[in-house]
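Content type mmCIF, N, CA and C atoms, from the file target.cif:
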data_structure
#
loop_
_atom_site.label_atom_id
_atom_site.label_comp_id
_atom_site.auth_asym_id
_atom_site.auth_seq_id
_atom_site.Cartn_x
_atom_site.Cartn_y
_atom_site.Cartn_z
N MET A 1 252.81 197.14 -147.63
CA MET A 1 251.53 196.47 -147.65
C MET A 1 251.27 195.75 -146.32
N LYS A 2 252.33 195.09 -145.79
CA LYS A 2 252.22 194.40 -144.52
C LYS A 2 251.82 195.36 -143.41
N GLN A 3 252.42 196.56 -143.41
CA GLN A 3 252.11 197.55 -142.38
C GLN A 3 250.66 198.02 -142.50
N LEU A 4 250.18 198.17 -143.73
CA LEU A 4 248.79 198.59 -143.95
C LEU A 4 247.84 197.53 -143.42
N LEU A 5 248.10 196.26 -143.70
CA LEU A 5 247.26 195.18 -143.20
C LEU A 5 247.31 195.11 -141.68
N TYR A 6 248.48 195.29 -141.10
CA TYR A 6 248.63 195.29 -139.65
C TYR A 6 247.81 196.43 -139.03
N ALA A 7 247.92 197.63 -139.62
CA ALA A 7 247.17 198.79 -139.12
C ALA A 7 245.67 198.56 -139.25
N LEU A 8 245.24 197.98 -140.37
CA LEU A 8 243.82 197.70 -140.59
C LEU A 8 243.34 196.67 -139.55
N GLY A 9 244.17 195.67 -139.28
CA GLY A 9 243.84 194.67 -138.27
C GLY A 9 243.68 195.29 -136.89
N LEU A 10 244.57 196.20 -136.53
CA LEU A 10 244.47 196.90 -135.24
C LEU A 10 243.20 197.73 -135.17
N LEU A 11 242.88 198.42 -136.26
CA LEU A 11 241.68 199.25 -136.30
C LEU A 11 240.44 198.39 -136.10
N LEU A 12 240.35 197.27 -136.81
CA LEU A 12 239.20 196.38 -136.66
C LEU A 12 239.13 195.81 -135.25
N ALA A 13 240.26 195.44 -134.69
CA ALA A 13 240.27 194.89 -133.33
C ALA A 13 239.79 195.91 -132.32
N THR A 14 240.16 197.16 -132.48
CA THR A 14 239.75 198.16 -131.50
C THR A 14 238.31 198.58 -131.69
N THR A 15 237.78 198.50 -132.91
CA THR A 15 236.40 198.92 -133.11
C THR A 15 235.41 197.82 -132.77
N THR A 16 235.84 196.57 -132.72
CA THR A 16 234.91 195.49 -132.41
C THR A 16 235.01 195.05 -130.95
N THR A 17 235.95 195.57 -130.21
CA THR A 17 236.09 195.23 -128.80
C THR A 17 235.25 196.21 -127.98
N HIS A 18 234.38 195.67 -127.15
CA HIS A 18 233.51 196.51 -126.32
C HIS A 18 233.76 196.19 -124.86
N ALA A 19 233.81 197.22 -124.05
CA ALA A 19 233.95 197.01 -122.61
C ALA A 19 232.63 196.50 -122.06
N ALA A 20 232.71 195.64 -121.07
CA ALA A 20 231.51 195.14 -120.42
C ALA A 20 230.83 196.29 -119.68
N PRO A 21 229.51 196.29 -119.62
CA PRO A 21 228.84 197.36 -118.88
C PRO A 21 229.31 197.33 -117.42
N PRO A 22 229.42 198.51 -116.79
CA PRO A 22 229.94 198.55 -115.43
C PRO A 22 228.98 197.95 -114.40
N LEU A 23 227.71 197.81 -114.78
CA LEU A 23 226.72 197.39 -113.81
C LEU A 23 225.63 196.58 -114.48
N GLU A 24 225.28 195.47 -113.88
CA GLU A 24 224.16 194.65 -114.35
C GLU A 24 222.95 195.03 -113.50
N ILE A 25 221.87 195.41 -114.17
CA ILE A 25 220.65 195.84 -113.48
C ILE A 25 219.54 194.87 -113.84
N SER A 26 218.86 194.32 -112.83
CA SER A 26 217.76 193.40 -113.08
C SER A 26 216.61 193.69 -112.12
N HIS A 27 215.45 193.15 -112.44
CA HIS A 27 214.24 193.29 -111.61
C HIS A 27 213.96 194.74 -111.25
N ALA A 28 214.12 195.63 -112.22
CA ALA A 28 213.92 197.07 -111.98
C ALA A 28 212.44 197.42 -112.17
N TRP A 29 211.89 198.18 -111.21
CA TRP A 29 210.51 198.64 -111.32
C TRP A 29 210.26 199.78 -110.34
N ALA A 30 209.17 200.49 -110.59
CA ALA A 30 208.74 201.57 -109.68
C ALA A 30 207.32 201.25 -109.24
N ARG A 31 207.01 201.60 -108.00
CA ARG A 31 205.69 201.34 -107.45
C ARG A 31 204.70 202.40 -107.90
N ALA A 32 203.52 201.97 -108.34
CA ALA A 32 202.45 202.89 -108.70
C ALA A 32 202.05 203.71 -107.47
N THR A 33 201.63 204.95 -107.71
CA THR A 33 201.24 205.83 -106.61
C THR A 33 199.75 206.15 -106.70
N ALA A 34 199.22 206.62 -105.59
CA ALA A 34 197.83 207.07 -105.54
C ALA A 34 197.76 208.51 -106.06
N PRO A 35 196.60 208.92 -106.60
CA PRO A 35 196.47 210.32 -107.03
C PRO A 35 196.80 211.27 -105.88
N GLY A 36 197.59 212.29 -106.16
CA GLY A 36 197.97 213.27 -105.15
C GLY A 36 199.20 212.89 -104.35
N GLN A 37 199.64 211.65 -104.44
CA GLN A 37 200.84 211.22 -103.71
C GLN A 37 202.05 211.90 -104.35
N THR A 38 202.91 212.49 -103.55
CA THR A 38 204.03 213.27 -104.08
C THR A 38 205.38 212.56 -104.03
N VAL A 39 205.40 211.36 -103.42
CA VAL A 39 206.64 210.58 -103.39
C VAL A 39 206.37 209.19 -103.95
N GLY A 40 207.40 208.62 -104.53
CA GLY A 40 207.31 207.26 -105.06
C GLY A 40 208.58 206.51 -104.71
N ALA A 41 208.60 205.24 -105.07
CA ALA A 41 209.76 204.41 -104.78
C ALA A 41 210.11 203.56 -105.99
N ALA A 42 211.41 203.33 -106.16
CA ALA A 42 211.90 202.49 -107.25
C ALA A 42 212.82 201.42 -106.67
N TYR A 43 212.79 200.27 -107.32
CA TYR A 43 213.52 199.10 -106.83
C TYR A 43 214.27 198.44 -107.97
N MET A 44 215.32 197.70 -107.64
CA MET A 44 216.09 196.97 -108.63
C MET A 44 217.16 196.16 -107.93
N GLU A 45 217.79 195.27 -108.68
CA GLU A 45 218.94 194.54 -108.19
C GLU A 45 220.15 195.01 -108.99
N LEU A 46 221.26 195.27 -108.29
CA LEU A 46 222.47 195.81 -108.91
C LEU A 46 223.63 194.85 -108.65
N LYS A 47 224.36 194.54 -109.71
CA LYS A 47 225.54 193.67 -109.57
C LYS A 47 226.63 194.18 -110.49
N SER A 48 227.81 194.37 -109.92
CA SER A 48 228.94 194.90 -110.66
C SER A 48 230.09 193.90 -110.63
N ALA A 49 230.87 193.87 -111.70
CA ALA A 49 232.06 193.02 -111.75
C ALA A 49 233.20 193.62 -110.93
N THR A 50 233.12 194.93 -110.68
CA THR A 50 234.15 195.62 -109.90
C THR A 50 233.47 196.42 -108.80
N ASP A 51 234.24 196.83 -107.80
CA ASP A 51 233.68 197.67 -106.74
C ASP A 51 233.23 199.00 -107.33
N LEU A 52 231.98 199.34 -107.09
CA LEU A 52 231.42 200.63 -107.51
C LEU A 52 230.65 201.23 -106.35
N THR A 53 230.35 202.50 -106.47
CA THR A 53 229.51 203.18 -105.50
C THR A 53 228.43 203.94 -106.26
N LEU A 54 227.18 203.72 -105.88
CA LEU A 54 226.08 204.50 -106.42
C LEU A 54 226.08 205.82 -105.65
N VAL A 55 226.38 206.91 -106.34
CA VAL A 55 226.54 208.19 -105.64
C VAL A 55 225.37 209.14 -105.87
N ALA A 56 224.54 208.87 -106.89
CA ALA A 56 223.41 209.76 -107.15
C ALA A 56 222.43 209.07 -108.10
N ALA A 57 221.22 209.58 -108.09
CA ALA A 57 220.19 209.15 -109.03
C ALA A 57 219.32 210.37 -109.34
N GLU A 58 218.75 210.39 -110.52
CA GLU A 58 217.84 211.49 -110.89
C GLU A 58 216.82 210.97 -111.89
N SER A 59 215.74 211.71 -112.02
CA SER A 59 214.68 211.35 -112.96
C SER A 59 213.94 212.61 -113.39
N THR A 60 213.48 212.60 -114.61
CA THR A 60 212.71 213.75 -115.13
C THR A 60 211.32 213.81 -114.52
N ILE A 61 210.88 212.75 -113.85
CA ILE A 61 209.52 212.74 -113.29
C ILE A 61 209.49 213.18 -111.82
N ALA A 62 210.67 213.48 -111.26
CA ALA A 62 210.74 213.87 -109.85
C ALA A 62 211.71 215.03 -109.67
N ALA A 63 211.45 215.86 -108.68
CA ALA A 63 212.36 216.98 -108.39
C ALA A 63 213.71 216.47 -107.92
N SER A 64 213.71 215.36 -107.18
CA SER A 64 214.96 214.76 -106.72
C SER A 64 214.75 213.27 -106.48
N VAL A 65 215.86 212.54 -106.45
CA VAL A 65 215.83 211.11 -106.16
C VAL A 65 216.89 210.85 -105.09
N ASP A 66 216.49 210.23 -103.99
CA ASP A 66 217.40 209.90 -102.89
C ASP A 66 217.56 208.40 -102.79
N ILE A 67 218.69 207.99 -102.25
CA ILE A 67 218.92 206.59 -101.91
C ILE A 67 218.52 206.45 -100.45
N HIS A 68 217.60 205.52 -100.16
CA HIS A 68 217.10 205.36 -98.80
C HIS A 68 217.28 203.93 -98.33
N THR A 69 217.35 203.77 -97.02
CA THR A 69 217.31 202.47 -96.39
C THR A 69 216.20 202.49 -95.34
N MET A 70 215.59 201.34 -95.14
CA MET A 70 214.54 201.22 -94.12
C MET A 70 214.92 200.09 -93.20
N SER A 71 214.61 200.26 -91.92
CA SER A 71 214.84 199.19 -90.95
C SER A 71 213.84 199.33 -89.81
N MET A 72 213.60 198.22 -89.15
CA MET A 72 212.68 198.21 -88.02
C MET A 72 213.48 198.28 -86.74
N LYS A 73 213.17 199.29 -85.89
CA LYS A 73 213.83 199.44 -84.60
C LYS A 73 212.76 199.63 -83.53
N ASN A 74 212.76 198.74 -82.55
CA ASN A 74 211.79 198.80 -81.45
C ASN A 74 210.36 198.93 -81.95
N GLY A 75 210.04 198.17 -82.99
CA GLY A 75 208.68 198.17 -83.53
C GLY A 75 208.34 199.38 -84.38
N VAL A 76 209.33 200.23 -84.67
CA VAL A 76 209.08 201.43 -85.48
C VAL A 76 209.93 201.36 -86.75
N MET A 77 209.29 201.58 -87.88
CA MET A 77 210.02 201.58 -89.15
C MET A 77 210.76 202.90 -89.29
N GLU A 78 212.08 202.82 -89.50
CA GLU A 78 212.90 204.01 -89.68
C GLU A 78 213.41 204.06 -91.11
N MET A 79 213.35 205.23 -91.71
CA MET A 79 213.87 205.44 -93.05
C MET A 79 215.00 206.46 -92.94
N ARG A 80 216.11 206.15 -93.59
CA ARG A 80 217.27 207.05 -93.57
C ARG A 80 217.78 207.25 -94.98
N MET A 81 218.17 208.47 -95.28
CA MET A 81 218.78 208.77 -96.57
C MET A 81 220.26 208.40 -96.51
N LEU A 82 220.75 207.76 -97.56
CA LEU A 82 222.16 207.43 -97.67
C LEU A 82 222.83 208.40 -98.63
N LYS A 83 224.06 208.79 -98.32
CA LYS A 83 224.81 209.66 -99.24
C LYS A 83 225.27 208.87 -100.45
N ALA A 84 225.53 207.58 -100.25
CA ALA A 84 226.00 206.70 -101.32
C ALA A 84 225.69 205.26 -100.94
N LEU A 85 225.73 204.39 -101.93
CA LEU A 85 225.47 202.97 -101.70
C LEU A 85 226.61 202.18 -102.31
N GLU A 86 227.34 201.45 -101.46
CA GLU A 86 228.45 200.64 -101.92
C GLU A 86 227.92 199.42 -102.69
N LEU A 87 228.56 199.13 -103.83
CA LEU A 87 228.22 197.97 -104.64
C LEU A 87 229.47 197.10 -104.75
N PRO A 88 229.69 196.20 -103.78
CA PRO A 88 230.89 195.36 -103.81
C PRO A 88 230.92 194.47 -105.04
N ALA A 89 232.11 194.21 -105.55
CA ALA A 89 232.29 193.39 -106.75
C ALA A 89 231.63 192.02 -106.59
N ASN A 90 230.92 191.62 -107.63
CA ASN A 90 230.32 190.28 -107.74
C ASN A 90 229.29 189.96 -106.66
N GLN A 91 228.72 190.99 -106.05
CA GLN A 91 227.65 190.78 -105.07
C GLN A 91 226.40 191.50 -105.55
N THR A 92 225.26 190.87 -105.39
CA THR A 92 224.00 191.49 -105.77
C THR A 92 223.51 192.34 -104.60
N VAL A 93 223.25 193.61 -104.88
CA VAL A 93 222.69 194.53 -103.89
C VAL A 93 221.24 194.76 -104.30
N LYS A 94 220.33 194.44 -103.39
CA LYS A 94 218.91 194.52 -103.70
C LYS A 94 218.30 195.80 -103.14
N LEU A 95 217.63 196.53 -104.01
CA LEU A 95 216.78 197.64 -103.61
C LEU A 95 215.38 197.08 -103.71
N GLU A 96 214.70 196.92 -102.57
CA GLU A 96 213.42 196.22 -102.56
C GLU A 96 212.48 196.81 -101.51
N PRO A 97 211.18 196.56 -101.67
CA PRO A 97 210.23 197.07 -100.68
C PRO A 97 210.61 196.63 -99.26
N GLY A 98 210.54 197.57 -98.32
CA GLY A 98 210.88 197.29 -96.94
C GLY A 98 212.36 197.38 -96.64
N GLY A 99 213.17 197.70 -97.65
CA GLY A 99 214.61 197.79 -97.47
C GLY A 99 215.15 198.99 -98.21
N MET A 100 216.33 198.84 -98.78
CA MET A 100 216.91 199.94 -99.56
C MET A 100 216.06 200.19 -100.80
N HIS A 101 215.98 201.45 -101.20
CA HIS A 101 215.20 201.82 -102.38
C HIS A 101 215.60 203.22 -102.84
N LEU A 102 215.12 203.58 -104.01
CA LEU A 102 215.27 204.95 -104.48
C LEU A 102 213.97 205.67 -104.18
N MET A 103 214.05 206.80 -103.51
CA MET A 103 212.88 207.60 -103.17
C MET A 103 212.76 208.71 -104.20
N LEU A 104 211.63 208.74 -104.91
CA LEU A 104 211.34 209.75 -105.93
C LEU A 104 210.54 210.86 -105.26
N ASN A 105 211.15 212.03 -105.09
CA ASN A 105 210.56 213.13 -104.33
C ASN A 105 209.90 214.16 -105.24
N ASP A 106 208.78 214.73 -104.75
CA ASP A 106 208.05 215.77 -105.48
C ASP A 106 207.75 215.34 -106.91
N LEU A 107 207.00 214.24 -107.01
CA LEU A 107 206.60 213.72 -108.33
C LEU A 107 205.82 214.76 -109.11
N LYS A 108 206.07 214.82 -110.40
CA LYS A 108 205.37 215.77 -111.26
C LYS A 108 204.00 215.26 -111.65
N GLN A 109 203.78 213.94 -111.49
CA GLN A 109 202.49 213.31 -111.80
C GLN A 109 202.45 211.97 -111.10
N PRO A 110 201.26 211.41 -110.89
CA PRO A 110 201.18 210.08 -110.28
C PRO A 110 201.85 209.04 -111.19
N LEU A 111 202.38 207.99 -110.59
CA LEU A 111 202.98 206.89 -111.34
C LEU A 111 201.89 205.84 -111.57
N LYS A 112 201.57 205.60 -112.84
CA LYS A 112 200.47 204.70 -113.18
C LYS A 112 201.00 203.38 -113.73
N PRO A 113 200.35 202.26 -113.33
CA PRO A 113 200.77 200.96 -113.84
C PRO A 113 200.82 200.97 -115.38
N GLY A 114 201.86 200.35 -115.91
CA GLY A 114 202.02 200.28 -117.36
C GLY A 114 202.92 201.36 -117.93
N GLU A 115 203.13 202.44 -117.18
CA GLU A 115 204.02 203.50 -117.65
C GLU A 115 205.47 203.05 -117.49
N ILE A 116 206.35 203.73 -118.20
CA ILE A 116 207.79 203.52 -118.07
C ILE A 116 208.38 204.86 -117.63
N ILE A 117 209.16 204.84 -116.56
CA ILE A 117 209.79 206.08 -116.10
C ILE A 117 211.31 205.96 -116.21
N PRO A 118 211.97 207.05 -116.59
CA PRO A 118 213.43 207.02 -116.70
C PRO A 118 214.10 207.41 -115.39
N VAL A 119 215.17 206.70 -115.07
CA VAL A 119 216.01 207.04 -113.92
C VAL A 119 217.46 206.96 -114.40
N THR A 120 218.25 207.94 -114.03
CA THR A 120 219.67 207.93 -114.37
C THR A 120 220.47 207.72 -113.09
N LEU A 121 221.32 206.70 -113.11
CA LEU A 121 222.17 206.38 -111.97
C LEU A 121 223.57 206.91 -112.22
N THR A 122 224.19 207.50 -111.21
CA THR A 122 225.58 207.94 -111.31
C THR A 122 226.42 207.05 -110.41
N LEU A 123 227.44 206.43 -111.01
CA LEU A 123 228.30 205.47 -110.32
C LEU A 123 229.72 205.98 -110.30
N LYS A 124 230.43 205.66 -109.23
CA LYS A 124 231.84 206.04 -109.12
C LYS A 124 232.66 204.78 -108.87
N ASP A 125 233.79 204.66 -109.59
CA ASP A 125 234.67 203.53 -109.34
C ASP A 125 235.76 203.93 -108.35
N LYS A 126 236.65 203.00 -108.04
CA LYS A 126 237.69 203.26 -107.02
C LYS A 126 238.64 204.39 -107.42
N SER A 127 238.81 204.61 -108.73
CA SER A 127 239.73 205.66 -109.18
C SER A 127 239.06 207.04 -109.16
N GLY A 128 237.75 207.07 -108.87
CA GLY A 128 237.04 208.34 -108.85
C GLY A 128 236.32 208.67 -110.14
N GLN A 129 236.48 207.82 -111.15
CA GLN A 129 235.78 208.03 -112.43
C GLN A 129 234.29 207.81 -112.23
N THR A 130 233.47 208.67 -112.82
CA THR A 130 232.02 208.50 -112.73
C THR A 130 231.45 208.07 -114.07
N THR A 131 230.39 207.30 -113.98
CA THR A 131 229.65 206.81 -115.15
C THR A 131 228.18 207.00 -114.86
N THR A 132 227.42 207.35 -115.87
CA THR A 132 225.97 207.43 -115.70
C THR A 132 225.31 206.36 -116.55
N LEU A 133 224.26 205.78 -116.01
CA LEU A 133 223.48 204.76 -116.71
C LEU A 133 222.01 205.12 -116.64
N LYS A 134 221.35 205.06 -117.77
CA LYS A 134 219.91 205.31 -117.80
C LYS A 134 219.19 203.98 -117.67
N VAL A 135 218.18 203.95 -116.79
CA VAL A 135 217.37 202.76 -116.57
C VAL A 135 215.92 203.16 -116.79
N ASP A 136 215.21 202.38 -117.60
CA ASP A 136 213.78 202.60 -117.80
C ASP A 136 213.04 201.62 -116.89
N LEU A 137 212.24 202.17 -115.98
CA LEU A 137 211.54 201.34 -114.99
C LEU A 137 210.07 201.22 -115.31
N PRO A 138 209.57 199.99 -115.44
CA PRO A 138 208.12 199.84 -115.59
C PRO A 138 207.44 200.14 -114.26
N VAL A 139 206.31 200.80 -114.32
CA VAL A 139 205.53 201.10 -113.10
C VAL A 139 204.56 199.95 -112.89
N LYS A 140 204.56 199.42 -111.66
CA LYS A 140 203.70 198.29 -111.30
C LYS A 140 203.02 198.56 -109.98
N ARG A 141 201.91 197.86 -109.77
CA ARG A 141 201.30 197.85 -108.44
C ARG A 141 202.14 196.95 -107.56
N SER A 142 202.20 197.24 -106.28
CA SER A 142 202.92 196.37 -105.36
C SER A 142 202.29 194.99 -105.42
N GLY A 143 203.10 193.97 -105.56
CA GLY A 143 202.59 192.60 -105.63
C GLY A 143 202.37 192.09 -107.04
N ASP A 144 202.49 192.98 -108.06
CA ASP A 144 202.33 192.52 -109.46
C ASP A 144 203.56 191.78 -109.92
#

As structure tokens, please, write out the structure in this file.
Amino acid sequence: MKQLLYALGLLLATTTTHAAPPLEISHAWARATAPGQTVGAAYMELKSATDLTLVAAESTIAASVDIHTMSMKNGVMEMRMLKALELPANQTVKLEPGGMHLMLNDLKQPLKPGEIIPVTLTLKDKSGQTTTLKVDLPVKRSGD
């Protein structure tokens, strides 16, 4: 009987213990687009308890999603695609207008304020394990 109670206790302990999510996502949104515009941008803040790397993103509303960075050099705005984005432990990494962002390429339709679009992020930890997270982004006008 003691062994049965011990086994039941172990079962309950393992079924009620949940791992913390690998990534905290806040202030997530996508910018509304003009009719006929074929690219869009998505923004968010990412914070992880452990070192992670954002290695890919995808969405059903775009043919592809790239990780981009923007910077001003000699008065010219430069945009560069990143292969991956490092997310150091306990640091907030901001994807925001005028800086790093997700570029939504070949949109299937314009992004309208009030809509929600899905984006799936693929993350890799130091051991090489990958995790995917789905994020629903509200579409807003810039400045809303």

Using all atoms listed in the file, the best pick from A:Ser71, A:Glu78, A:Gly40, A:Leu104 as closest to Ser59 (chain A) would be A:Leu104

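Applied to the shown file, the PyMOL selection byres ((chain A and resi 95-101) around 7) selects the residues Ala41, Ala42, Tyr43, Met44, Glu45, Leu46, Asp66, Ile67, His68, Thr69, Met70, Ser71, Val93, Lys94, Leu102 and Met103 of chain A.
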
12 Å contact set for region 113-128 of chain A, only C-alpha atoms, chain neighbours under 5 positions out, as a PyMOL selection string: chain A and resi 21-23+25+28-34+40-44+46+48-67+84-89+102-104+107-108+133-144

Could you check how far CA of Lys112 (chain A) sits from CA of Ser26 (chain A), in Å to one decimal? 20.7 Å

I need the residues in chain A that are helix (DSSP H, G or I) according to DSSP; give them as a PyMOL selection string. chain A and resi 2-16
